[in-house]
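Asks: Dropping in upload17.txt, which is compact mmCIF, C-alpha atoms:
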```
# COMPACT_ATOMS: atom_id res chain seq x y z
CA MET S 387 211.11 -192.89 -204.86
CA SER S 388 213.47 -190.33 -206.27
CA THR S 389 211.10 -187.47 -205.50
CA VAL S 390 210.97 -188.61 -201.89
CA SER S 391 214.73 -188.62 -201.56
CA ARG S 392 215.03 -185.26 -203.27
CA SER S 393 212.54 -183.78 -200.87
CA MET S 394 214.82 -184.68 -197.96
CA PRO S 395 218.27 -183.62 -199.07
CA GLY S 396 221.41 -184.35 -197.11
CA ARG S 397 220.36 -187.55 -195.47
CA GLY S 398 223.48 -189.63 -196.04
CA ALA S 399 224.81 -191.62 -198.93
CA ASP S 400 221.74 -193.83 -199.31
CA ALA S 401 219.75 -190.82 -200.37
CA GLY S 402 222.26 -190.22 -203.13
CA PHE S 403 222.07 -193.83 -204.16
CA VAL S 404 218.29 -193.84 -204.37
CA GLN S 405 218.51 -190.77 -206.54
CA THR S 406 220.71 -192.52 -209.07
CA ALA S 407 218.44 -195.56 -208.84
CA GLY S 408 215.64 -193.37 -210.12
CA THR S 409 217.69 -192.45 -213.15
CA GLY S 410 218.20 -196.03 -214.19
CA GLU S 411 221.48 -197.07 -212.53
CA GLY S 412 219.77 -198.93 -209.72
CA ARG S 413 220.74 -202.47 -210.49
CA PHE S 414 221.50 -203.03 -206.85
CA ALA S 415 218.30 -201.40 -205.61
CA GLU S 416 217.24 -202.76 -202.26
CA PRO S 417 213.94 -202.72 -200.42
CA ALA S 418 213.55 -199.18 -199.14
CA ALA S 419 212.29 -200.45 -195.80
CA ALA S 420 215.60 -202.11 -195.03
CA SER S 421 217.69 -199.01 -195.50
CA ALA S 422 215.23 -196.37 -194.38
CA PRO S 423 216.06 -196.35 -190.64
CA GLU S 424 219.76 -196.16 -191.37
CA VAL S 425 219.25 -193.34 -193.80
CA ALA S 426 217.46 -191.39 -191.11
CA ALA S 427 220.13 -192.18 -188.51
CA ASP S 428 222.99 -191.02 -190.68
CA PRO S 429 223.35 -187.25 -190.83
CA VAL S 430 225.62 -186.13 -193.64
CA PRO S 431 228.94 -184.46 -192.78
CA ALA S 432 229.03 -180.90 -194.03
CA ALA S 433 232.34 -181.42 -195.84
CA VAL S 434 230.92 -184.13 -198.08
CA SER S 435 228.00 -182.14 -199.35
CA ALA S 436 230.31 -179.21 -200.04
CA ILE S 437 232.61 -181.33 -202.21
CA ALA S 438 230.06 -183.60 -203.77
CA GLY S 439 227.38 -181.17 -204.76
CA GLN S 440 224.82 -183.56 -206.21
CA SER S 441 225.60 -187.10 -205.24
CA GLU S 442 226.82 -188.25 -201.82
CA ALA S 443 228.25 -191.45 -203.23
CA PHE S 444 230.55 -189.64 -205.63
CA GLY S 445 231.49 -187.38 -202.74
CA LEU S 446 232.75 -190.45 -200.90
CA LEU S 447 234.82 -191.39 -203.96
CA ILE S 448 236.45 -187.98 -204.29
CA ARG S 449 236.97 -187.61 -200.56
CA GLY S 450 238.99 -190.81 -200.32
CA LEU S 451 241.35 -189.65 -203.06
CA TRP S 452 242.87 -186.63 -201.37
CA ALA S 453 240.85 -184.74 -198.74
CA GLU S 454 240.66 -187.87 -196.58
CA ASN S 455 243.50 -189.82 -198.11
CA PRO S 456 243.88 -192.90 -195.88
CA VAL S 457 247.68 -192.69 -195.79
CA PHE S 458 248.42 -188.95 -195.63
CA ARG S 459 245.45 -187.94 -193.51
CA GLY S 460 244.44 -191.07 -191.65
CA LEU S 461 247.92 -192.56 -191.12
CA LEU S 462 246.31 -195.93 -191.86
CA GLY S 463 247.92 -198.90 -193.54
CA MET S 464 251.43 -197.81 -192.59
CA CYS S 465 252.91 -201.30 -192.83
CA PRO S 466 252.39 -201.88 -196.60
CA THR S 467 252.94 -198.19 -197.32
CA LEU S 468 256.45 -198.40 -195.93
CA ALA S 469 257.27 -201.96 -196.93
CA VAL S 470 256.43 -202.19 -200.63
CA THR S 471 257.51 -198.73 -201.81
CA ALA S 472 261.17 -199.41 -202.63
CA ALA S 473 260.14 -199.44 -206.33
CA VAL S 474 257.08 -198.32 -208.29
CA GLN S 475 256.11 -201.66 -209.80
CA PRO S 476 255.44 -203.57 -206.54
CA ALA S 477 253.78 -200.45 -205.14
CA LEU S 478 251.33 -200.36 -208.06
CA THR S 479 250.60 -204.08 -207.70
CA MET S 480 249.97 -203.59 -203.99
CA GLY S 481 247.74 -200.57 -204.62
CA LEU S 482 245.59 -202.38 -207.16
CA SER S 483 245.26 -205.43 -204.89
CA VAL S 484 244.08 -203.16 -202.10
CA VAL S 485 241.56 -201.51 -204.46
CA PHE S 486 240.18 -204.93 -205.39
CA VAL S 487 239.95 -206.17 -201.81
CA LEU S 488 238.49 -202.89 -200.58
CA ILE S 489 235.69 -202.76 -203.17
CA CYS S 490 234.77 -206.44 -202.73
CA SER S 491 234.83 -206.38 -198.94
CA ASN S 492 232.88 -203.11 -198.83
CA LEU S 493 230.21 -204.63 -201.10
CA MET S 494 230.07 -207.80 -198.99
CA VAL S 495 229.91 -205.94 -195.66
CA SER S 496 227.25 -203.63 -197.08
CA LEU S 497 225.19 -206.67 -198.12
CA MET S 498 225.28 -208.20 -194.65
CA ARG S 499 225.10 -204.94 -192.68
CA ASN S 500 221.63 -205.69 -191.31
CA ALA S 501 222.70 -209.07 -189.98
CA LEU S 502 225.81 -207.89 -188.11
CA THR S 503 225.83 -208.18 -184.33
CA PRO S 504 228.08 -205.75 -182.44
CA HIS S 505 230.47 -208.20 -180.78
CA LEU S 506 230.99 -210.40 -183.86
CA ARG S 507 231.28 -207.44 -186.20
CA ILE S 508 235.08 -207.14 -186.39
CA LEU S 509 235.48 -210.90 -186.76
CA MET S 510 233.03 -210.95 -189.68
CA PHE S 511 234.87 -208.04 -191.33
CA THR S 512 238.20 -209.80 -190.94
CA LEU S 513 236.91 -213.08 -192.34
CA THR S 514 235.32 -211.35 -195.34
CA ILE S 515 238.56 -209.51 -196.02
CA ALA S 516 240.58 -212.73 -195.61
CA ILE S 517 238.50 -214.45 -198.29
CA PHE S 518 239.09 -211.70 -200.85
CA VAL S 519 242.76 -211.41 -199.95
CA THR S 520 243.14 -215.15 -200.60
CA ILE S 521 241.56 -214.63 -204.04
CA ALA S 522 243.89 -211.71 -204.78
CA ASP S 523 246.94 -213.65 -203.59
CA LEU S 524 246.14 -216.72 -205.70
CA PHE S 525 245.51 -214.46 -208.71
CA LEU S 526 248.85 -212.65 -208.29
CA ARG S 527 250.70 -215.93 -207.81
CA ALA S 528 249.19 -217.33 -211.00
CA TYR S 529 249.52 -214.35 -213.34
CA VAL S 530 252.37 -212.16 -212.01
CA PRO S 531 254.60 -214.62 -210.10
CA ASP S 532 257.60 -212.23 -210.02
CA MET S 533 255.59 -209.49 -208.32
CA SER S 534 254.06 -212.03 -205.97
CA ALA S 535 257.55 -213.17 -204.97
CA VAL S 536 258.70 -209.57 -204.38
CA LEU S 537 255.67 -208.71 -202.28
CA GLY S 538 255.84 -211.98 -200.34
CA PRO S 539 253.82 -212.00 -197.12
CA TYR S 540 252.77 -208.38 -197.59
CA VAL S 541 249.89 -209.49 -199.85
CA PRO S 542 248.28 -211.68 -197.14
CA LEU S 543 249.03 -208.85 -194.71
CA ILE S 544 246.33 -206.83 -196.50
CA ILE S 545 243.98 -208.77 -194.17
CA VAL S 546 245.13 -206.68 -191.22
CA ASN S 547 245.48 -203.44 -193.19
CA CYS S 548 243.60 -200.94 -191.06
CA ILE S 549 242.29 -199.02 -194.11
CA ILE S 550 239.99 -201.87 -195.07
CA ILE S 551 238.62 -202.49 -191.59
CA ALA S 552 238.23 -198.74 -191.10
CA ARG S 553 236.18 -198.39 -194.30
CA ALA S 554 234.06 -201.43 -193.42
CA GLU S 555 233.37 -199.98 -190.00
CA ALA S 556 232.91 -196.34 -190.98
CA CYS S 557 231.09 -196.68 -194.28
CA ALA S 558 230.13 -200.11 -195.60
CA SER S 559 228.36 -201.29 -192.44
CA LYS S 560 226.07 -198.25 -192.60
CA LYS S 561 225.51 -197.46 -196.25
CA GLY S 562 224.11 -198.97 -199.43
CA LEU S 563 225.94 -201.03 -202.02
CA PHE S 564 226.57 -198.26 -204.52
CA ALA S 565 227.92 -195.81 -201.95
CA SER S 566 230.08 -198.51 -200.33
CA ALA S 567 231.60 -199.59 -203.64
CA LEU S 568 232.47 -196.01 -204.58
CA ASP S 569 233.86 -195.39 -201.10
CA GLY S 570 236.04 -198.47 -201.46
CA LEU S 571 237.22 -197.32 -204.88
CA GLY S 572 238.01 -193.84 -203.56
CA SER S 573 239.97 -194.96 -200.50
CA GLY S 574 241.72 -197.68 -202.50
CA LEU S 575 242.81 -195.24 -205.19
CA GLY S 576 243.85 -192.78 -202.49
CA PHE S 577 246.09 -195.47 -201.02
CA THR S 578 247.43 -196.32 -204.50
CA ILE S 579 248.26 -192.65 -205.19
CA ALA S 580 250.07 -192.40 -201.86
CA VAL S 581 252.20 -195.52 -202.32
CA ILE S 582 253.05 -194.60 -205.93
CA LEU S 583 254.14 -191.09 -204.89
CA LEU S 584 256.32 -192.54 -202.15
CA ALA S 585 257.71 -195.26 -204.43
CA THR S 586 258.46 -192.72 -207.18
CA ILE S 587 260.63 -190.64 -204.87
CA ARG S 588 262.38 -193.67 -203.44
CA GLU S 589 263.01 -195.47 -206.73
CA ILE S 590 264.30 -192.37 -208.54
CA LEU S 591 266.70 -191.50 -205.73
CA ALA S 592 267.80 -195.08 -205.08
CA ASP S 593 268.15 -196.43 -208.62
CA GLY S 594 267.83 -193.38 -210.87
CA SER S 595 264.95 -195.17 -212.57
CA TRP S 596 261.17 -195.07 -212.62
CA PHE S 597 259.08 -198.18 -213.27
CA GLY S 598 262.33 -199.95 -214.19
CA VAL S 599 263.19 -197.31 -216.85
CA ARG S 600 266.31 -195.22 -216.28
CA VAL S 601 265.41 -191.53 -215.93
CA LEU S 602 268.47 -189.93 -214.32
CA PRO S 603 271.81 -189.55 -216.15
CA SER S 604 274.56 -192.06 -215.51
CA TRP S 605 276.65 -189.72 -213.30
CA TRP S 606 273.90 -189.96 -210.67
CA VAL S 607 275.20 -191.60 -207.51
CA PRO S 608 272.45 -193.88 -206.21
CA TRP S 609 271.24 -193.22 -202.70
CA THR S 610 271.30 -196.78 -201.39
CA ALA S 611 269.75 -195.64 -198.11
CA MET S 612 266.51 -194.89 -199.97
CA LYS S 613 266.09 -198.62 -200.59
CA LEU S 614 266.55 -199.44 -196.91
CA PRO S 615 263.86 -199.05 -194.24
CA VAL S 616 265.36 -195.73 -193.19
CA GLY S 617 264.51 -194.29 -196.63
CA ALA S 618 260.90 -195.34 -196.23
CA PHE S 619 260.51 -193.69 -192.83
CA PHE S 620 262.33 -190.49 -193.84
CA THR S 621 260.51 -190.04 -197.15
CA LEU S 622 257.06 -190.55 -195.63
CA GLY S 623 257.91 -188.27 -192.71
CA PHE S 624 259.05 -185.44 -194.96
CA MET S 625 256.08 -185.96 -197.31
CA LEU S 626 253.67 -185.60 -194.38
CA ALA S 627 255.49 -182.46 -193.25
CA THR S 628 255.30 -181.01 -196.78
CA ILE S 629 251.57 -181.67 -196.99
CA ILE S 630 250.94 -180.08 -193.59
CA TRP S 631 253.10 -177.07 -194.52
CA TRP S 632 251.33 -176.68 -197.89
CA ASN S 633 247.88 -176.82 -196.28
CA SER S 634 248.75 -174.34 -193.57
CA ARG S 635 250.16 -171.95 -196.18
CA LYS S 636 246.98 -172.27 -198.23
CA ARG S 637 244.88 -171.61 -195.13
CA ALA S 638 246.99 -168.60 -194.21
CA ARG S 639 246.59 -167.16 -197.71
CA ALA S 640 242.84 -167.72 -197.65
CA ALA S 641 242.65 -165.97 -194.29
CA ALA S 642 244.77 -163.08 -195.59
CA SER S 643 242.62 -162.55 -198.68
CA ALA S 644 239.35 -162.83 -196.75
CA MET W 14 276.05 -225.78 -184.36
CA ASN W 15 274.12 -227.50 -181.63
CA ALA W 16 270.40 -227.08 -181.13
CA PHE W 17 270.69 -224.50 -178.37
CA THR W 18 272.98 -222.20 -180.34
CA GLU W 19 270.67 -222.47 -183.31
CA LEU W 20 267.71 -221.35 -181.22
CA LEU W 21 269.76 -218.51 -179.76
CA VAL W 22 270.61 -217.35 -183.26
CA VAL W 23 266.92 -217.41 -184.26
CA PHE W 24 266.08 -215.40 -181.15
CA LEU W 25 268.75 -212.74 -181.67
CA SER W 26 268.01 -212.56 -185.37
CA ILE W 27 264.32 -211.78 -184.98
CA ALA W 28 264.62 -209.64 -181.85
CA LEU W 29 267.49 -207.38 -182.95
CA VAL W 30 268.92 -207.93 -186.42
CA ASN W 31 265.64 -208.48 -188.28
CA ASN W 32 263.52 -206.55 -185.81
CA LEU W 33 259.87 -206.72 -186.87
CA VAL W 34 259.29 -202.99 -186.71
CA PHE W 35 262.59 -201.75 -188.13
CA THR W 36 263.24 -204.14 -190.99
CA LYS W 37 259.86 -205.71 -191.77
CA PHE W 38 257.65 -202.69 -190.97
CA LEU W 39 255.30 -204.99 -189.06
CA GLY W 40 253.18 -203.42 -186.35
CA THR W 41 253.96 -199.90 -187.51
CA CYS W 42 250.42 -198.69 -186.77
CA PRO W 43 250.52 -199.28 -182.99
CA TYR W 44 254.21 -198.36 -183.06
CA LEU W 45 253.29 -194.87 -184.24
CA GLY W 46 249.93 -194.69 -182.45
CA VAL W 47 250.36 -196.15 -178.96
CA SER W 48 253.97 -195.16 -178.28
CA LYS W 49 253.26 -191.94 -176.44
CA ARG W 50 253.93 -193.03 -172.86
CA ILE W 51 256.44 -195.58 -171.64
CA ASP W 52 254.07 -197.50 -169.35
CA MET W 53 251.45 -197.88 -172.08
CA ALA W 54 254.10 -198.93 -174.57
CA GLY W 55 255.41 -201.51 -172.12
CA GLY W 56 251.91 -202.92 -171.59
CA MET W 57 251.34 -203.14 -175.32
CA GLY W 58 254.72 -204.82 -175.82
CA LEU W 59 253.99 -207.38 -173.11
CA ALA W 60 250.57 -208.17 -174.56
CA VAL W 61 252.01 -208.57 -178.07
CA THR W 62 254.81 -210.86 -176.83
CA PHE W 63 252.30 -213.03 -175.01
CA VAL W 64 249.87 -213.38 -177.90
CA LEU W 65 252.62 -213.68 -180.52
CA THR W 66 254.28 -216.63 -178.76
CA LEU W 67 250.95 -218.43 -178.44
CA SER W 68 249.76 -217.71 -181.95
CA THR W 69 252.99 -218.65 -183.78
CA THR W 70 252.80 -221.98 -181.92
CA MET W 71 249.14 -222.51 -182.71
CA THR W 72 249.35 -221.49 -186.36
CA TRP W 73 252.44 -223.68 -186.85
CA LEU W 74 250.60 -226.68 -185.39
CA ILE W 75 247.44 -226.06 -187.43
CA ASN W 76 249.36 -225.38 -190.62
CA ARG W 77 251.58 -228.47 -190.37
CA MET W 78 249.18 -230.90 -188.65
CA VAL W 79 245.82 -230.03 -190.20
CA LEU W 80 246.01 -227.89 -193.34
CA GLY W 81 249.11 -229.51 -194.88
CA PRO W 82 247.96 -233.17 -194.70
CA LEU W 83 244.45 -232.25 -195.85
CA GLY W 84 245.73 -230.21 -198.82
CA LEU W 85 243.91 -227.11 -197.59
CA ASP W 86 246.90 -224.80 -198.00
CA PHE W 87 244.86 -222.19 -199.84
CA THR W 88 242.76 -221.56 -196.72
CA LYS W 89 245.93 -220.71 -194.78
CA TYR W 90 245.27 -216.99 -194.38
CA ILE W 91 241.68 -217.46 -193.29
CA ALA W 92 242.74 -220.14 -190.80
CA PHE W 93 245.60 -217.99 -189.46
CA ILE W 94 243.46 -214.94 -188.86
CA LEU W 95 240.76 -217.06 -187.22
CA VAL W 96 243.33 -218.66 -184.92
CA ILE W 97 244.76 -215.27 -183.99
CA ALA W 98 241.34 -213.72 -183.36
CA SER W 99 240.17 -216.60 -181.19
CA MET W 100 243.54 -216.72 -179.42
CA VAL W 101 243.26 -213.06 -178.50
CA GLN W 102 239.69 -213.59 -177.33
CA LEU W 103 240.64 -216.62 -175.18
CA VAL W 104 243.69 -214.96 -173.68
CA GLU W 105 241.63 -211.92 -172.80
CA MET W 106 238.93 -213.97 -171.06
CA TYR W 107 241.50 -216.13 -169.24
CA VAL W 108 243.59 -213.23 -168.01
CA ARG W 109 240.55 -211.24 -166.91
CA LYS W 110 239.23 -214.20 -164.93
CA PHE W 111 242.39 -215.52 -163.30
CA TYR W 112 244.89 -212.66 -163.23
CA PRO W 113 242.91 -209.46 -162.65
CA SER W 114 246.04 -207.47 -161.77
CA LEU W 115 247.76 -208.53 -165.01
CA TYR W 116 244.57 -207.64 -166.87
CA GLN W 117 244.75 -204.18 -165.34
CA SER W 118 248.23 -203.65 -166.74
CA PHE W 119 247.91 -204.96 -170.28
CA GLY W 120 244.41 -206.36 -170.78
CA ILE W 121 243.08 -203.19 -172.38
CA PHE W 122 245.50 -203.64 -175.28
CA LEU W 123 244.41 -207.17 -176.09
CA PRO W 124 241.43 -206.39 -178.37
CA LEU W 125 243.68 -204.11 -180.44
CA ILE W 126 246.09 -206.93 -181.13
CA THR W 127 243.93 -208.93 -183.56
CA THR W 128 244.53 -206.29 -186.20
CA ASN W 129 248.19 -205.80 -185.32
CA CYS W 130 250.07 -206.90 -188.41
CA ALA W 131 253.06 -207.99 -186.32
CA ILE W 132 251.12 -211.09 -185.24
CA LEU W 133 249.89 -212.29 -188.62
CA GLY W 134 253.12 -211.14 -190.25
CA THR W 135 255.33 -213.19 -187.93
CA CYS W 136 253.16 -216.27 -188.41
CA LEU W 137 253.47 -215.86 -192.18
CA PHE W 138 257.24 -215.26 -192.05
CA VAL W 139 257.73 -218.33 -189.83
CA ASP W 140 255.81 -220.34 -192.42
CA LEU W 141 257.86 -218.77 -195.27
CA TRP W 142 261.21 -219.50 -193.59
CA GLY W 143 260.16 -223.12 -192.96
CA TYR W 144 261.01 -223.14 -189.23
CA ASP W 145 260.41 -226.25 -187.10
CA LEU W 146 258.30 -226.04 -183.94
CA PRO W 147 260.95 -224.98 -181.36
CA LYS W 148 262.26 -222.35 -183.75
CA ALA W 149 258.71 -221.11 -184.42
CA VAL W 150 258.03 -220.69 -180.70
CA ILE W 151 261.34 -218.88 -180.17
CA ALA W 152 260.71 -216.70 -183.22
CA GLY W 153 257.32 -215.70 -181.82
CA PHE W 154 258.78 -214.90 -178.41
CA GLY W 155 261.79 -213.06 -179.82
CA GLY W 156 259.68 -211.13 -182.30
CA GLY W 157 257.38 -210.01 -179.50
CA LEU W 158 260.32 -208.89 -177.34
CA GLY W 159 261.79 -207.05 -180.31
CA PHE W 160 258.49 -205.25 -180.82
CA ALA W 161 258.32 -204.41 -177.11
CA LEU W 162 261.87 -203.05 -177.26
CA ALA W 163 261.14 -200.93 -180.33
CA ILE W 164 257.90 -199.47 -178.98
CA THR W 165 259.42 -198.74 -175.54
CA ILE W 166 262.45 -196.95 -177.00
CA MET W 167 260.12 -194.95 -179.22
CA ALA W 168 257.90 -194.00 -176.28
CA GLY W 169 260.94 -192.82 -174.33
CA ILE W 170 262.07 -190.64 -177.22
CA ARG W 171 258.59 -189.24 -177.74
CA GLU W 172 258.29 -188.25 -174.09
CA ARG W 173 261.44 -186.17 -174.62
CA LEU W 174 260.17 -184.85 -177.96
CA ASP W 175 257.23 -183.24 -176.18
CA LEU W 176 259.72 -180.80 -174.67
CA ALA W 177 261.64 -180.19 -177.88
CA ASP W 178 261.08 -177.26 -180.21
CA VAL W 179 260.02 -179.01 -183.40
CA PRO W 180 259.26 -176.91 -186.53
CA ARG W 181 255.50 -176.58 -186.91
CA PRO W 182 254.89 -178.69 -190.04
CA MET W 183 257.09 -181.47 -188.65
CA GLN W 184 255.09 -181.79 -185.43
CA GLY W 185 253.11 -184.96 -184.83
CA PRO W 186 253.42 -187.89 -187.24
CA ALA W 187 256.21 -186.40 -189.37
CA ILE W 188 258.79 -186.09 -186.59
CA THR W 189 257.75 -189.52 -185.27
CA LEU W 190 258.48 -191.09 -188.66
CA VAL W 191 261.84 -189.35 -188.95
CA THR W 192 262.72 -190.50 -185.42
CA ALA W 193 261.75 -194.04 -186.40
CA GLY W 194 264.02 -193.72 -189.44
CA ILE W 195 266.99 -192.72 -187.25
CA LEU W 196 266.19 -195.65 -184.94
CA THR W 197 266.29 -198.08 -187.89
CA LEU W 198 269.74 -196.67 -188.70
CA ALA W 199 270.81 -197.42 -185.13
CA PHE W 200 269.45 -200.95 -185.37
CA MET W 201 271.36 -201.45 -188.63
CA GLY W 202 274.41 -201.66 -186.40
CA PHE W 203 273.26 -205.15 -185.44
CA ALA W 204 273.40 -206.28 -189.07
CA GLY W 205 276.06 -208.89 -189.61
CA MET W 206 275.90 -210.08 -186.00
CA VAL W 207 273.99 -213.14 -187.18
CA ARG W 208 273.15 -213.93 -190.73
```
Mind turning this structure into C-alpha cells?
Replies:
Amino acid sequence: MSTVSRSMPGRGADAGFVQTAGTGEGRFAEPAAASAPEVAADPVPAAVSAIAGQSEAFGLLIRGLWAENPVFRGLLGMCPTLAVTAAVQPALTMGLSVVFVLICSNLMVSLMRNALTPHLRILMFTLTIAIFVTIADLFLRAYVPDMSAVLGPYVPLIIVNCIIIARAEACASKKGLFASALDGLGSGLGFTIAVILLATIREILADGSWFGVRVLPSWWVPWTAMKLPVGAFFTLGFMLATIIWWNSRKRARAAASA
Amino acid sequence: MNAFTELLVVFLSIALVNNLVFTKFLGTCPYLGVSKRIDMAGGMGLAVTFVLTLSTTMTWLINRMVLGPLGLDFTKYIAFILVIASMVQLVEMYVRKFYPSLYQSFGIFLPLITTNCAILGTCLFVDLWGYDLPKAVIAGFGGGLGFALAITIMAGIRERLDLADVPRPMQGPAITLVTAGILTLAFMGFAGMVR
C-alpha cells in the first residue's frame, strides 16, 4: 500500500496518510476503495508540498498555524476574535474550546464524508458542530465556571464560527481522518495564537497585566479604551496592517536580492 | 413604567445602545464582508431583520414551551440552530414562491444567514436576559434593525473609502476594522440613554 502511494506523489492528503499507515500509525486505516476516487480527484496545492516536504497531513497542520492563519489571513471567526480578547485568560479558554470542537467535528465530518448529500451538507456540519459545542460548554460550566460566566453566550456561538464550517467544507469532507484531525489542530492552534496575541496587547495596555499578573509599573495609566469594543477593532486592524506591511517588505527584499 | 414604554426601552437598547455589531461583535463577518455597496448592505440588513424577528420568536417558544418543561435544556443549542436553519429554509421557499420581487432584492442573502452569528447570538442573549415573549419579539426586530443600520452606515463609508488615499498596508480589511472602531466610538454616544 505504501509503495503504491509513494509511486504517485502529490496526490492530496490521503496519500500522505496512507504513507504513515504503512509505518505503523494507521489505527484509523480505512478501506482503500472508499478513499481512492477522492484521492485521485484532489490535486495537491503547490504551496503545501513546498512547506510540508514529506507528509501532506503535517503540511496541513503547519499551514493552519501561520501561512493560512484563519484569523489573520482568512478573516474568519471575527466575532469571537473581537469579543473574548479583552484579557488573555478568556482568550486562551476560547482558543482551546475551538481546538477541541474543530478536531472533533473534522473527525466526524471526515467519517461521514461519503454519505453527505450536497444540499444537506451544511446542515449536517452545523449539527455535528452543535453537538461538540454542547459538550465543550457543559465541560466549561462544570470545571471552570468563572471562565464560562465571562465567556457567556460566546461559547455556544462557536457553532456559527465560520472557521469550523470552512474547515469542514474545505478539508474534512474531502480527506481522511488523520489529515482532517491534523488540519483541525493546525487551524485551531492558529486561531488560538491569533486571539492570544490580540488579548496580550489589549490586556497589557488596558490593565498593565498579563494573564492576571501585573507586568507594567504602577505609574502606567491604563488605556480603558482597550477594554472597550473600539480597542478590539483598532488593535486587530493595526495588527493586520502590520502583517501585510511585514510580508510586503519581505517580498521586496527577496525580489531585491534575487 | 407601563408595558409600552418598557418595550420601547428594549427596542432602543438593542438597536442603538447595545447594538449587536458594535457592542456584542455579533455578525461581524458579514459586516466586514458584505458591506461594500449600500444596496447590497440594505438587502442583507432587511433579510437579517426578517429572519431574526421570526427566529427569536420561534426559539423563545420552543425553549419555554418544549425544552423547559421536558428538562431538555442541554439540547438548547442544537435545537436553536436547527430552528434557525429550518426557519431560513422556509422563509426562502415562501418568499421565492409568493413574493418574487422581494426575493430578487434580498433572497440571495438568505442562505448566508444561517451561519450569521447575529441570529443565534440574539436568541441566546434573549434567553440569557430572561425576556418574556413580547420583549423577545421586539428584541429580535430591534436587533435586526440595528444590524441593518450598522451595515448600511459601513457600506456608505466604504463607498467613500474607495476614493480615499489609504496607505498601502492599511488597505482592505485593516482600514475597514479601524473605521468600524471609530463607528463604535460614535455609537458609544448613545450609552446612558437607556440602561
Asks: If you measure from atom CA of Leu614 of chain S to atom CA of Val536 of chain S, what distance in Å do you get, rounded to one decimal?
Replies: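 That distance, rounded to one decimal, is 14.8 Å.
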Asks: Residues of chain S within 7 Å of chain W, counting all atoms listed in the file, what are they? List them as number ranges by chain.
Replies: S: 464-465, 468-469, 513, 516-517, 520, 539, 542-543, 546, 615-616, 619-620, 623-624, 626-627, 630-631
Asks: Using all atoms listed in the file for the distances, tell me which of S:Gly463, S:Pro456, S:Gly481, S:Gly562 is nearest to Val581 of chain S.
Replies: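 For Val581 of chain S, the nearest of the candidates is S:Gly481.
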Asks: With a distance cut-off of 10 Å and all atoms listed in the file, select the neighbouring residues of Ile170 of chain W, excluding the residue or stretch itself and same-chain residues fewer than 3 positions from it, and output the selection as a ChimeraX atom specification.
Replies: /W:48-51,164-167,173-175,189,192-193
Asks: Return the single residue from S:Val519, S:Cys557, S:Leu583, S:Ala472 that is closest to Trp609 of chain S, with distances computed using only C-alpha atoms.
Replies: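 When distances to Trp609 of chain S are compared using only C-alpha atoms, the smallest one comes from S:Ala472.
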Asks: Nearest to Leu446 of chain S among S:Ala567, S:Ala611, S:Ala638, S:Met533, with distances taken over all atoms listed in the file: which residue is it?
Replies: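 Of all the options, S:Ala567 lies closest to Leu446 of chain S.
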Asks: Do you have the atom CA of Ala161 of chain W-atom CA of Val61 of chain W distance handy?
Replies: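 Going from atom CA of Ala161 of chain W over to atom CA of Val61 of chain W, I get 7.6 Å.
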Asks: Nearest to Cys490 of chain S: which of S:Asn455, S:Ser643, S:Ser566, S:Gly617 is it, counting only C-alpha atoms?
Replies: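 Among the listed residues, S:Ser566 lies closest to Cys490 of chain S.
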Asks: For Trp452 of chain S, which residue out of S:Phe577, S:Phe518, S:Phe511, S:Phe525 is the nearest one, using all atoms listed in the file?
Replies: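 When distances to Trp452 of chain S are compared using all atoms listed in the file, the smallest one comes from S:Phe577.
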Asks: Can you work out which one of W:Leu65, W:Ala149, W:Leu33, W:Leu59 has the shortest atom-to-atom distance to Met100 of chain W, counting all atoms listed in the file?
Replies: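 Nearest to Met100 of chain W: W:Leu65.
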Asks: Counting all atoms listed in the file, which residues sit no farther than 10 Å from the position (238.0, -191.8, -208.7) in the file's frame? I'd like them as a VMD selection string.
Replies: chain S and resid 444 to 451 568 to 569 571 to 576
Asks: Atom CA of Leu526 of chain S and atom CA of Thr479 of chain S, how far apart in Å?
Replies: 8.8 Å
Asks: Within 9 Å of Gly153 of chain W, counting all atoms listed in the file, which residues qualify if same-chain residues fewer than 4 places away don't, as a ChimeraX atom specification?
Replies: /W:24,27,62-70,132,135-136,139,148-149,157-158
Asks: List as a ChimeraX atom specification the protein and nucleic acid residues near Phe122 of chain W, meaning an atom at most 12 Å away when all atoms listed in the file are counted, but skip any in the same chain fewer than 2 places from it.
Replies: /W:43,47,53-64,101-102,104-105,115-120,124-129
Asks: Write out as number ranges by chain which residues come within 10 Å of Thr514 of chain S when counting all atoms listed in the file, dropping same-chain ones fewer than 6 positions away.
Replies: S: 487, 490-492, 494-495, 508, 545; W: 91
Asks: Hey, could you patch up segment 62-69 of chain W with N, CA and C atoms and hand it over as a compact mmCIF listing (two decimals), in the coordinates of the input?
Replies:
```
# COMPACT_ATOMS: atom_id res chain seq x y z
N THR W 62 253.91 -209.72 -177.02
CA THR W 62 254.81 -210.86 -176.83
C THR W 62 254.03 -212.10 -176.45
N PHE W 63 253.11 -211.92 -175.50
CA PHE W 63 252.30 -213.03 -175.01
C PHE W 63 251.50 -213.66 -176.14
N VAL W 64 250.73 -212.85 -176.85
CA VAL W 64 249.87 -213.38 -177.90
C VAL W 64 250.69 -213.93 -179.07
N LEU W 65 251.81 -213.26 -179.37
CA LEU W 65 252.62 -213.68 -180.52
C LEU W 65 253.22 -215.07 -180.29
N THR W 66 253.73 -215.32 -179.06
CA THR W 66 254.28 -216.63 -178.76
C THR W 66 253.22 -217.70 -178.93
N LEU W 67 252.04 -217.44 -178.34
CA LEU W 67 250.95 -218.43 -178.44
C LEU W 67 250.52 -218.63 -179.88
N SER W 68 250.36 -217.53 -180.64
CA SER W 68 249.76 -217.71 -181.95
C SER W 68 250.76 -218.26 -182.97
N THR W 69 252.08 -217.97 -182.85
CA THR W 69 252.99 -218.65 -183.78
C THR W 69 252.95 -220.17 -183.52
```
